[in-house]
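*Asks:* You'll find input21.txt just under this line, and it carries compact mmCIF, C-alpha atoms and all ligand atoms.
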```txt
# COMPACT_ATOMS: atom_id res chain seq x y z
CA MET D 1121 0.00 0.00 0.00
CA THR D 1122 2.67 2.49 -1.03
CA VAL D 1123 1.49 6.07 -1.56
CA LEU D 1124 3.30 8.09 -4.22
CA VAL D 1125 3.75 11.74 -3.25
CA THR D 1126 4.97 13.83 -6.16
CA GLY D 1127 6.89 16.96 -5.20
CA GLY D 1128 7.69 15.24 -1.92
CA GLY D 1129 10.65 17.50 -1.30
CA GLY D 1130 8.34 20.50 -0.91
CA PHE D 1131 6.59 22.27 1.92
CA LEU D 1132 3.01 20.98 1.73
CA ALA D 1133 4.16 17.46 0.86
CA ALA D 1134 6.36 17.29 3.96
CA TRP D 1135 3.33 17.84 6.19
CA ILE D 1136 1.25 15.29 4.26
CA ILE D 1137 4.06 12.71 4.48
CA ARG D 1138 4.27 13.38 8.23
CA ARG D 1139 0.63 12.28 8.56
CA LEU D 1140 1.06 9.28 6.23
CA LEU D 1141 4.10 8.02 8.16
CA ALA D 1142 2.23 8.44 11.45
CA ARG D 1143 -0.44 6.13 9.98
CA GLY D 1144 2.20 3.56 9.08
CA ARG D 1145 1.82 4.10 5.34
CA ALA D 1146 4.79 3.40 3.07
CA VAL D 1147 5.65 6.56 1.13
CA ARG D 1148 7.51 6.98 -2.13
CA VAL D 1149 8.59 10.49 -3.05
CA PHE D 1150 9.03 11.65 -6.63
CA ASP D 1151 10.82 14.95 -7.07
CA GLN D 1152 13.21 16.58 -9.49
CA ALA D 1153 16.00 16.47 -6.94
CA GLU D 1154 16.73 14.50 -3.81
CA ASN D 1155 16.68 17.12 -1.12
CA ARG D 1156 15.35 15.87 2.22
CA ARG D 1157 16.00 19.10 4.13
CA LEU D 1158 12.35 20.17 4.49
CA LEU D 1159 11.20 16.61 5.15
CA HIS D 1160 13.80 16.31 7.93
CA LEU D 1161 12.66 19.63 9.36
CA ILE D 1162 9.01 18.49 9.53
CA VAL D 1163 9.20 14.73 10.19
CA GLY D 1164 12.64 14.33 11.77
CA PRO D 1165 14.79 11.19 11.33
CA ALA D 1166 11.91 9.22 9.71
CA ALA D 1167 12.69 11.29 6.60
CA ASP D 1168 15.60 8.94 5.91
CA GLN D 1169 13.27 5.94 5.57
CA VAL D 1170 11.20 7.38 2.74
CA GLU D 1171 11.87 5.90 -0.70
CA TRP D 1172 12.94 8.66 -3.07
CA LEU D 1173 12.86 8.67 -6.88
CA ARG D 1174 14.13 11.54 -8.99
CA GLY D 1175 12.65 12.68 -12.29
CA ASP D 1176 10.72 15.34 -14.17
CA ILE D 1177 6.96 15.42 -13.60
CA ALA D 1178 6.49 16.56 -17.21
CA ARG D 1179 8.11 13.35 -18.58
CA ALA D 1180 5.74 10.44 -19.07
CA GLU D 1181 8.35 7.72 -18.53
CA ASP D 1182 9.60 9.27 -15.28
CA VAL D 1183 6.10 9.54 -13.83
CA ARG D 1184 5.08 6.06 -14.97
CA ALA D 1185 8.19 4.55 -13.35
CA ALA D 1186 7.51 6.46 -10.13
CA ALA D 1187 3.89 5.34 -9.99
CA ALA D 1188 4.58 1.66 -10.70
CA GLY D 1189 3.63 -0.51 -7.74
CA THR D 1190 1.86 2.25 -5.80
CA SER D 1191 -1.72 2.07 -4.58
CA ALA D 1192 -2.47 5.81 -4.50
CA ILE D 1193 -1.08 9.08 -5.82
CA ILE D 1194 -1.01 12.46 -4.10
CA HIS D 1195 0.22 14.96 -6.66
CA MET D 1196 1.99 17.98 -5.17
CA ALA D 1197 4.83 18.67 -7.61
CA GLY D 1198 4.54 22.11 -9.09
CA VAL D 1199 6.02 25.55 -9.46
CA LEU D 1200 4.50 28.63 -7.88
CA THR D 1201 3.20 31.96 -9.19
CA PRO D 1202 6.55 33.82 -9.59
CA PHE D 1203 8.11 30.93 -11.55
CA CYS D 1204 5.11 30.72 -13.91
CA ALA D 1205 5.17 34.50 -14.45
CA GLU D 1206 8.85 34.33 -15.43
CA ASN D 1207 8.68 31.06 -17.41
CA PRO D 1208 5.11 30.47 -18.61
CA VAL D 1209 6.02 27.67 -21.04
CA ARG D 1210 8.05 25.67 -18.54
CA GLY D 1211 5.43 26.52 -15.91
CA ALA D 1212 2.77 24.92 -18.12
CA GLU D 1213 4.96 21.87 -18.72
CA ILE D 1214 5.36 21.31 -14.99
CA ASN D 1215 1.95 22.37 -13.65
CA LEU D 1216 -0.36 21.35 -16.49
CA ILE D 1217 1.44 18.65 -18.51
CA GLY D 1218 2.82 17.25 -15.23
CA THR D 1219 -0.72 16.84 -13.89
CA LEU D 1220 -1.80 15.14 -17.12
CA GLN D 1221 1.17 12.75 -16.79
CA VAL D 1222 0.00 11.87 -13.28
CA PHE D 1223 -3.52 11.09 -14.52
CA GLU D 1224 -2.05 9.08 -17.42
CA ALA D 1225 0.05 7.03 -15.00
CA ALA D 1226 -3.03 6.49 -12.81
CA ARG D 1227 -4.97 5.40 -15.88
CA ALA D 1228 -2.26 2.95 -16.96
CA LEU D 1229 -2.16 1.45 -13.46
CA GLY D 1230 -5.93 1.22 -13.09
CA HIS D 1231 -6.05 3.65 -10.14
CA ARG D 1232 -9.61 4.81 -9.46
CA LYS D 1233 -8.64 8.09 -7.73
CA VAL D 1234 -6.08 10.89 -7.92
CA ILE D 1235 -5.57 13.58 -5.29
CA TYR D 1236 -3.98 16.68 -6.75
CA THR D 1237 -3.31 20.31 -5.95
CA SER D 1238 -5.05 23.14 -7.66
CA SER D 1239 -4.97 26.57 -6.01
CA ALA D 1240 -7.05 29.55 -4.94
CA GLY D 1241 -5.03 31.17 -7.74
CA VAL D 1242 -7.83 30.05 -10.09
CA TYR D 1243 -9.66 33.17 -8.81
CA GLY D 1244 -8.81 36.64 -9.99
CA PRO D 1245 -8.72 40.02 -8.27
CA ASP D 1246 -12.38 40.90 -8.92
CA ASP D 1247 -14.46 37.87 -8.08
CA GLY D 1248 -14.05 35.26 -5.35
CA HIS D 1249 -16.80 33.03 -6.74
CA SER D 1250 -16.21 32.54 -10.48
CA PRO D 1251 -12.71 31.40 -11.43
CA LEU D 1252 -11.14 34.00 -13.71
CA PRO D 1253 -7.40 33.84 -13.12
CA HIS D 1254 -5.14 36.77 -13.98
CA THR D 1255 -1.91 34.77 -13.65
CA HIS D 1256 -0.37 31.99 -15.73
CA TYR D 1257 -0.18 29.94 -12.54
CA GLY D 1258 -3.93 30.26 -11.93
CA ALA D 1259 -4.71 29.57 -15.57
CA PHE D 1260 -2.69 26.31 -15.52
CA LYS D 1261 -4.34 25.19 -12.29
CA LEU D 1262 -7.81 25.87 -13.71
CA ALA D 1263 -6.91 23.82 -16.80
CA CYS D 1264 -5.85 20.93 -14.51
CA GLU D 1265 -9.34 20.97 -12.96
CA GLY D 1266 -10.93 20.69 -16.40
CA ALA D 1267 -8.61 17.83 -17.31
CA ALA D 1268 -9.55 16.04 -14.07
CA ARG D 1269 -13.23 16.26 -15.06
CA ALA D 1270 -12.36 14.84 -18.48
CA TYR D 1271 -10.49 11.89 -16.88
CA TYR D 1272 -13.59 11.11 -14.85
CA ALA D 1273 -15.90 11.43 -17.85
CA ASP D 1274 -13.64 9.44 -20.19
CA HIS D 1275 -12.01 6.89 -17.86
CA GLY D 1276 -13.93 6.94 -14.57
CA ILE D 1277 -10.93 8.22 -12.57
CA SER D 1278 -12.29 10.15 -9.58
CA SER D 1279 -10.33 13.02 -8.11
CA ILE D 1280 -10.17 15.72 -5.51
CA GLY D 1281 -8.33 18.87 -6.45
CA PHE D 1282 -7.58 21.15 -3.51
CA ARG D 1283 -7.59 24.91 -3.88
CA PRO D 1284 -5.73 26.23 -0.85
CA PHE D 1285 -5.30 29.99 -0.51
CA VAL D 1286 -2.22 31.14 1.43
CA VAL D 1287 -0.83 28.13 3.24
CA TYR D 1288 1.38 29.10 6.17
CA GLY D 1289 3.32 27.37 8.88
CA PRO D 1290 6.73 25.84 9.61
CA GLY D 1291 8.65 25.11 6.41
CA ARG D 1292 6.89 27.66 4.17
CA GLU D 1293 9.89 29.44 2.69
CA SER D 1294 9.17 30.17 -0.96
CA GLY D 1295 6.51 31.53 -3.30
CA GLY D 1296 4.93 34.97 -3.46
CA SER D 1297 2.72 34.43 -0.40
CA ALA D 1298 5.28 33.02 2.04
CA GLY D 1299 5.32 36.38 3.91
CA PRO D 1300 3.19 35.50 6.98
CA SER D 1301 5.27 32.35 7.62
CA LEU D 1302 8.57 34.15 7.08
CA ALA D 1303 7.43 36.97 9.41
CA ALA D 1304 6.78 34.43 12.18
CA ARG D 1305 10.17 32.82 11.55
CA ALA D 1306 12.00 36.17 11.53
CA ALA D 1307 10.36 37.18 14.82
CA ALA D 1308 11.37 33.87 16.44
CA TRP D 1309 14.94 34.30 15.19
CA GLY D 1310 15.17 37.99 16.16
CA GLU D 1311 15.53 39.17 12.56
CA ALA D 1312 13.89 42.06 10.68
CA TYR D 1313 11.48 41.13 7.87
CA THR D 1314 9.17 42.89 5.41
CA ILE D 1315 6.09 40.98 4.23
CA PRO D 1316 6.31 41.58 0.46
CA PHE D 1317 2.60 42.02 -0.21
CA SER D 1318 -0.04 44.28 1.32
CA GLY D 1319 -3.71 43.85 2.10
CA ALA D 1320 -5.34 40.66 3.28
CA SER D 1321 -5.42 36.99 2.27
CA GLY D 1322 -7.11 33.78 3.39
CA LEU D 1323 -4.68 32.02 5.74
CA VAL D 1324 -4.77 28.22 5.96
CA TYR D 1325 -2.56 26.48 8.52
CA VAL D 1326 -0.44 23.83 6.81
CA ASP D 1327 -1.46 20.89 8.99
CA ASP D 1328 -5.14 21.60 8.23
CA VAL D 1329 -4.27 21.17 4.56
CA ALA D 1330 -2.35 17.96 5.29
CA ALA D 1331 -5.31 16.61 7.28
CA ALA D 1332 -7.66 17.31 4.36
CA TYR D 1333 -5.38 15.41 1.95
CA GLU D 1334 -5.21 12.53 4.42
CA ALA D 1335 -9.02 12.48 4.63
CA ALA D 1336 -9.25 12.52 0.83
CA LEU D 1337 -6.92 9.53 0.66
CA LEU D 1338 -8.95 7.52 3.15
CA ARG D 1339 -12.40 8.38 1.80
CA GLU D 1340 -14.25 6.61 -1.03
CA ILE D 1341 -15.06 9.27 -3.58
CA ASP D 1342 -16.88 9.29 -6.87
CA GLY D 1343 -16.61 12.11 -9.37
CA ALA D 1344 -14.13 14.87 -10.14
CA HIS D 1345 -14.33 17.24 -7.20
CA VAL D 1346 -12.65 20.56 -6.55
CA VAL D 1347 -12.64 21.94 -3.02
CA ASN D 1348 -11.75 25.40 -1.84
CA MET D 1349 -9.58 25.85 1.21
CA SER D 1350 -10.27 29.54 1.44
CA GLY D 1351 -8.71 30.04 4.86
CA ILE D 1352 -9.39 32.81 7.33
CA PRO D 1353 -9.32 36.29 5.74
CA THR D 1354 -6.59 38.16 7.60
CA SER D 1355 -4.76 41.42 6.92
CA ASN D 1356 -0.99 41.47 7.16
CA GLU D 1357 -1.35 44.18 9.83
CA ARG D 1358 -3.25 41.63 11.92
CA VAL D 1359 -0.58 38.99 11.23
CA ILE D 1360 2.06 41.35 12.62
CA GLU D 1361 -0.14 42.27 15.59
CA ILE D 1362 -0.58 38.58 16.48
CA ILE D 1363 3.16 37.90 16.17
CA ARG D 1364 3.97 40.96 18.32
CA GLY D 1365 1.67 39.51 20.97
CA MET D 1366 4.29 36.75 21.28
CA VAL D 1367 7.44 38.69 20.32
CA PRO D 1368 6.79 42.33 21.36
CA ASP D 1369 9.95 43.72 19.76
CA ALA D 1370 9.50 41.89 16.43
CA ARG D 1371 10.90 44.08 13.61
CA LEU D 1372 8.24 43.47 10.97
CA SER D 1373 6.82 45.65 8.20
CA ILE D 1374 4.71 45.39 5.04
CA ALA D 1375 5.49 46.63 1.51
CA GLY D 1376 4.35 45.83 -2.01
CA PRO D 1377 1.11 45.38 -3.90
CA PRO D 1378 -1.75 43.16 -2.74
CA LEU D 1379 -2.07 39.60 -4.05
CA THR D 1380 -4.03 39.09 -7.27
CA ILE D 1381 -6.78 37.17 -5.44
CA LEU D 1382 -9.62 38.65 -3.37
CA PRO D 1383 -9.24 37.82 0.34
CA ASP D 1384 -12.87 36.69 0.79
CA LEU D 1385 -13.20 33.57 -1.30
CA ASP D 1386 -16.16 31.31 -1.60
CA ILE D 1387 -15.99 28.64 1.13
CA GLY D 1388 -17.41 26.09 -1.29
CA ASN D 1389 -18.31 22.48 -0.64
CA ILE D 1390 -15.43 21.17 1.45
CA ALA D 1391 -17.64 20.44 4.49
CA THR D 1392 -19.85 18.21 2.35
CA ILE D 1393 -17.06 16.33 0.59
CA LEU D 1394 -14.67 16.09 3.54
CA PRO D 1395 -16.73 16.64 6.70
CA GLY D 1396 -14.78 17.52 9.82
CA VAL D 1397 -11.83 19.27 8.15
CA LEU D 1398 -9.77 21.26 10.61
CA GLN D 1399 -9.65 25.04 10.74
CA THR D 1400 -6.89 26.21 13.03
CA SER D 1401 -7.28 29.83 14.12
CA VAL D 1402 -4.67 32.26 12.79
CA GLU D 1403 -3.67 32.99 16.40
CA ASP D 1404 -2.96 29.30 17.06
CA GLY D 1405 -1.31 28.70 13.69
CA LEU D 1406 1.07 31.65 14.04
CA ALA D 1407 1.80 30.66 17.65
CA ALA D 1408 2.72 27.14 16.46
CA THR D 1409 4.94 28.64 13.75
CA VAL D 1410 6.78 30.98 16.13
CA ALA D 1411 7.16 28.14 18.67
CA PHE D 1412 8.53 25.82 15.97
CA TYR D 1413 11.24 28.27 14.94
CA ARG D 1414 12.12 29.05 18.54
CA THR D 1415 13.06 25.39 18.92
CA HIS D 1416 14.63 25.11 15.44
CA ALA D 1417 17.44 27.62 15.39
CA LYS D 1418 18.67 29.20 12.17
CA PRO D 1419 21.14 26.77 10.53
CA ASN D 1420 24.76 27.78 11.29
CA ALA D 1421 23.49 30.42 13.73
N1 LIG O 1501 2.04 26.94 -0.60
C1 LIG O 1501 0.83 27.40 -0.88
O1 LIG O 1501 0.33 28.36 -0.25
C2 LIG O 1501 0.01 26.75 -1.97
C3 LIG O 1501 -1.29 27.22 -2.16
C4 LIG O 1501 -2.07 26.62 -3.16
C5 LIG O 1501 -1.56 25.61 -3.92
N2 LIG O 1501 -0.27 25.18 -3.73
C6 LIG O 1501 0.22 24.10 -4.61
O2 LIG O 1501 0.66 23.03 -3.79
C7 LIG O 1501 1.74 22.35 -4.42
C8 LIG O 1501 2.92 22.32 -3.48
O3 LIG O 1501 3.24 23.65 -3.09
P1 LIG O 1501 4.41 23.95 -2.05
O4 LIG O 1501 4.14 25.27 -1.44
O5 LIG O 1501 4.62 22.77 -1.19
O6 LIG O 1501 5.62 24.15 -3.08
P2 LIG O 1501 7.13 23.69 -2.98
O7 LIG O 1501 7.87 24.51 -3.98
O8 LIG O 1501 7.62 23.70 -1.57
O9 LIG O 1501 7.10 22.17 -3.47
C9 LIG O 1501 6.96 21.80 -4.81
C10 LIG O 1501 7.87 20.60 -5.10
O10 LIG O 1501 7.69 20.26 -6.50
C11 LIG O 1501 8.96 19.90 -6.99
N3 LIG O 1501 9.02 20.08 -8.44
C12 LIG O 1501 9.04 21.25 -9.13
N4 LIG O 1501 9.19 21.01 -10.45
C13 LIG O 1501 9.27 19.66 -10.59
C14 LIG O 1501 9.44 18.82 -11.72
N5 LIG O 1501 9.58 19.31 -12.97
N6 LIG O 1501 9.47 17.48 -11.53
C15 LIG O 1501 9.36 16.96 -10.27
N7 LIG O 1501 9.20 17.71 -9.15
C16 LIG O 1501 9.16 19.07 -9.33
C17 LIG O 1501 9.94 20.84 -6.28
O11 LIG O 1501 11.28 20.33 -6.34
C18 LIG O 1501 9.36 20.89 -4.88
O12 LIG O 1501 9.94 19.92 -4.03
C19 LIG O 1501 2.01 23.09 -5.73
O13 LIG O 1501 1.36 22.42 -6.78
C20 LIG O 1501 1.39 24.45 -5.49
O14 LIG O 1501 0.98 25.03 -6.69
C21 LIG O 1501 0.52 25.73 -2.77
```
Would you encode the structure as structure tokens?

*Replies:*
Amino acid sequence: MTVLVTGGGGFLAAWIIRRLLARGRAVRVFDQAENRRLLHLIVGPAADQVEWLRGDIARAEDVRAAAAGTSAIIHMAGVLTPFCAENPVRGAEINLIGTLQVFEAARALGHRKVIYTSSAGVYGPDDGHSPLPHTHYGAFKLACEGAARAYYADHGISSIGFRPFVVYGPGRESGGSAGPSLAARAAAWGEAYTIPFSGASGLVYVDDVAAAYEAALLREIDGAHVVNMSGIPTSNERVIEIIRGMVPDARLSIAGPPLTILPDLDIGNIATILPGVLQTSVEDGLAATVAFYRTHAKPNA
């Protein structure tokens, strides 16, 4: 019962793998490079026991080889908004073609379900209900959702595509919306930090996302579903206020334009499809993030 986690070297995947290992599941990671740093940070020494295959998610033969012998696939490999803005063609190869390769591998193996990662980036700056992305990243994610519906219609492969908004917590270090996590880390480490976007966003604590993926893996599902994880709308001023409640002298500021997604997104159907999903308060999530970095000192500090 090996679970394939693509992009297993990344932030969200590390937290999902933590839950899978705690359940005693065998995990195989597929990633472009073997870098266990984040996995070590989040799961500790158990990171060494995870099987690790390297390859390119956009290459059919790499993905097929990675999926062989697995019983389930959780697809997390992808590049984030800034990468797609800089390199739209390669961004499409990784985020869109890569997702198609995962569904093709599932089809070849006779898997009945795929769990994959879309994004709240499918929404644009004007409407939090009808997907109308203004970024390449959001456009590729929306196309993945359409492809997932086609795989169900054509081949009966069910799926859940998650649309998290700004995921934060220990280990979130990259991407345009890493600011709230990096602010908590900087405060814990006594460093100055400027959150590089203004306004508000929907904050989702990373272990809530991991728990939802775990629930999706365990649940029988039929159909091609997409679920919003719209998070708790929170301004960056409030993020800093909460962090200063724990670290009064935190040197934090805000600069830059707002994100290209409205902060108040549709909550959608997640409670129907995955009843009982967690929603950690922003106060608790930021407290857990500050506490984590207080006990995990800056490397070489
Ligand atoms: N972090 C968030 O707030 C957030 C929100 C919504 C959706 N997502 C989506 O969740 C997924 C994971 O995000 P994350 O924040 O953990 O990102 P991350 O950058 O930490 O992890 C992505 C992983 O994918 C791997 N990868 C990239 N290109 C690859 C390729 N060609 N072949 C194989 N592996 C490749 C990377 O090496 C990395 O380990 C992505 O699909 C992202 O779009 C993230």

*Asks:* What does the structure give for the distance between atom CA of Arg1339 of chain D and atom CA of Gly1396 of chain D, in Å to one decimal?

*Replies:*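 Taking atom CA of Arg1339 of chain D as the start and atom CA of Gly1396 of chain D as the end point, the length is 12.4 Å.
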
*Asks:* Quick one: residues within 8 Å of ligand LIG 1501 (chain O), with only C-alpha atoms and all ligand atoms, as number ranges by chain?

*Replies:* D: 1126-1134, 1150-1153, 1155, 1174-1178, 1195-1201, 1213-1215, 1218, 1236-1241, 1257, 1261, 1282-1288, 1292-1295, 1297-1298

*Asks:* Point out the residue among D:Val1324, D:Ala1304, D:Ile1390, D:Thr1415 with the least atom-to-atom distance to Glu1361 of chain D, counting all atoms listed in the file.

*Replies:*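 For Glu1361 of chain D, the nearest of the candidates is D:Ala1304.
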
*Asks:* Determine, counting only C-alpha atoms, which protein, DNA and RNA residues have an atom within 8 Å of an atom of Glu1171 of chain D; residues of the same chain fewer than 4 positions away are not included. Present the result as an NGL selection string.

*Replies:* :D and (1147-1149)

*Asks:* I need every residue sitting at most 12 Å from the point (-7.0, 30.1, 7.6) (coordinates as in the file, all atoms listed in the file considered), written as a PyMOL selection string.

*Replies:* chain D and resi 1284-1289+1300+1320-1329+1348-1355+1359+1383-1385+1387+1397-1406

*Asks:* Considering all atoms listed in the file, state which residue in the set D:Ala1146, D:Val1170, D:Leu1262, D:Ala1226 is at the smallest distance from Ala1185 of chain D.

*Replies:*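 With all atoms listed in the file as the atom set, the closest residue is D:Ala1226.
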
*Asks:* Show me the residues around (2.6, 46.4, 0.6) - criterion: an atom at most 9 Å away, only C-alpha atoms counted - as a list in words.

*Replies:* Thr1314, Ile1315, Pro1316, Phe1317, Ser1318, Gly1319, Asn1356, Ser1373, Ile1374, Ala1375, Gly1376, Pro1377 and Pro1378 of chain D
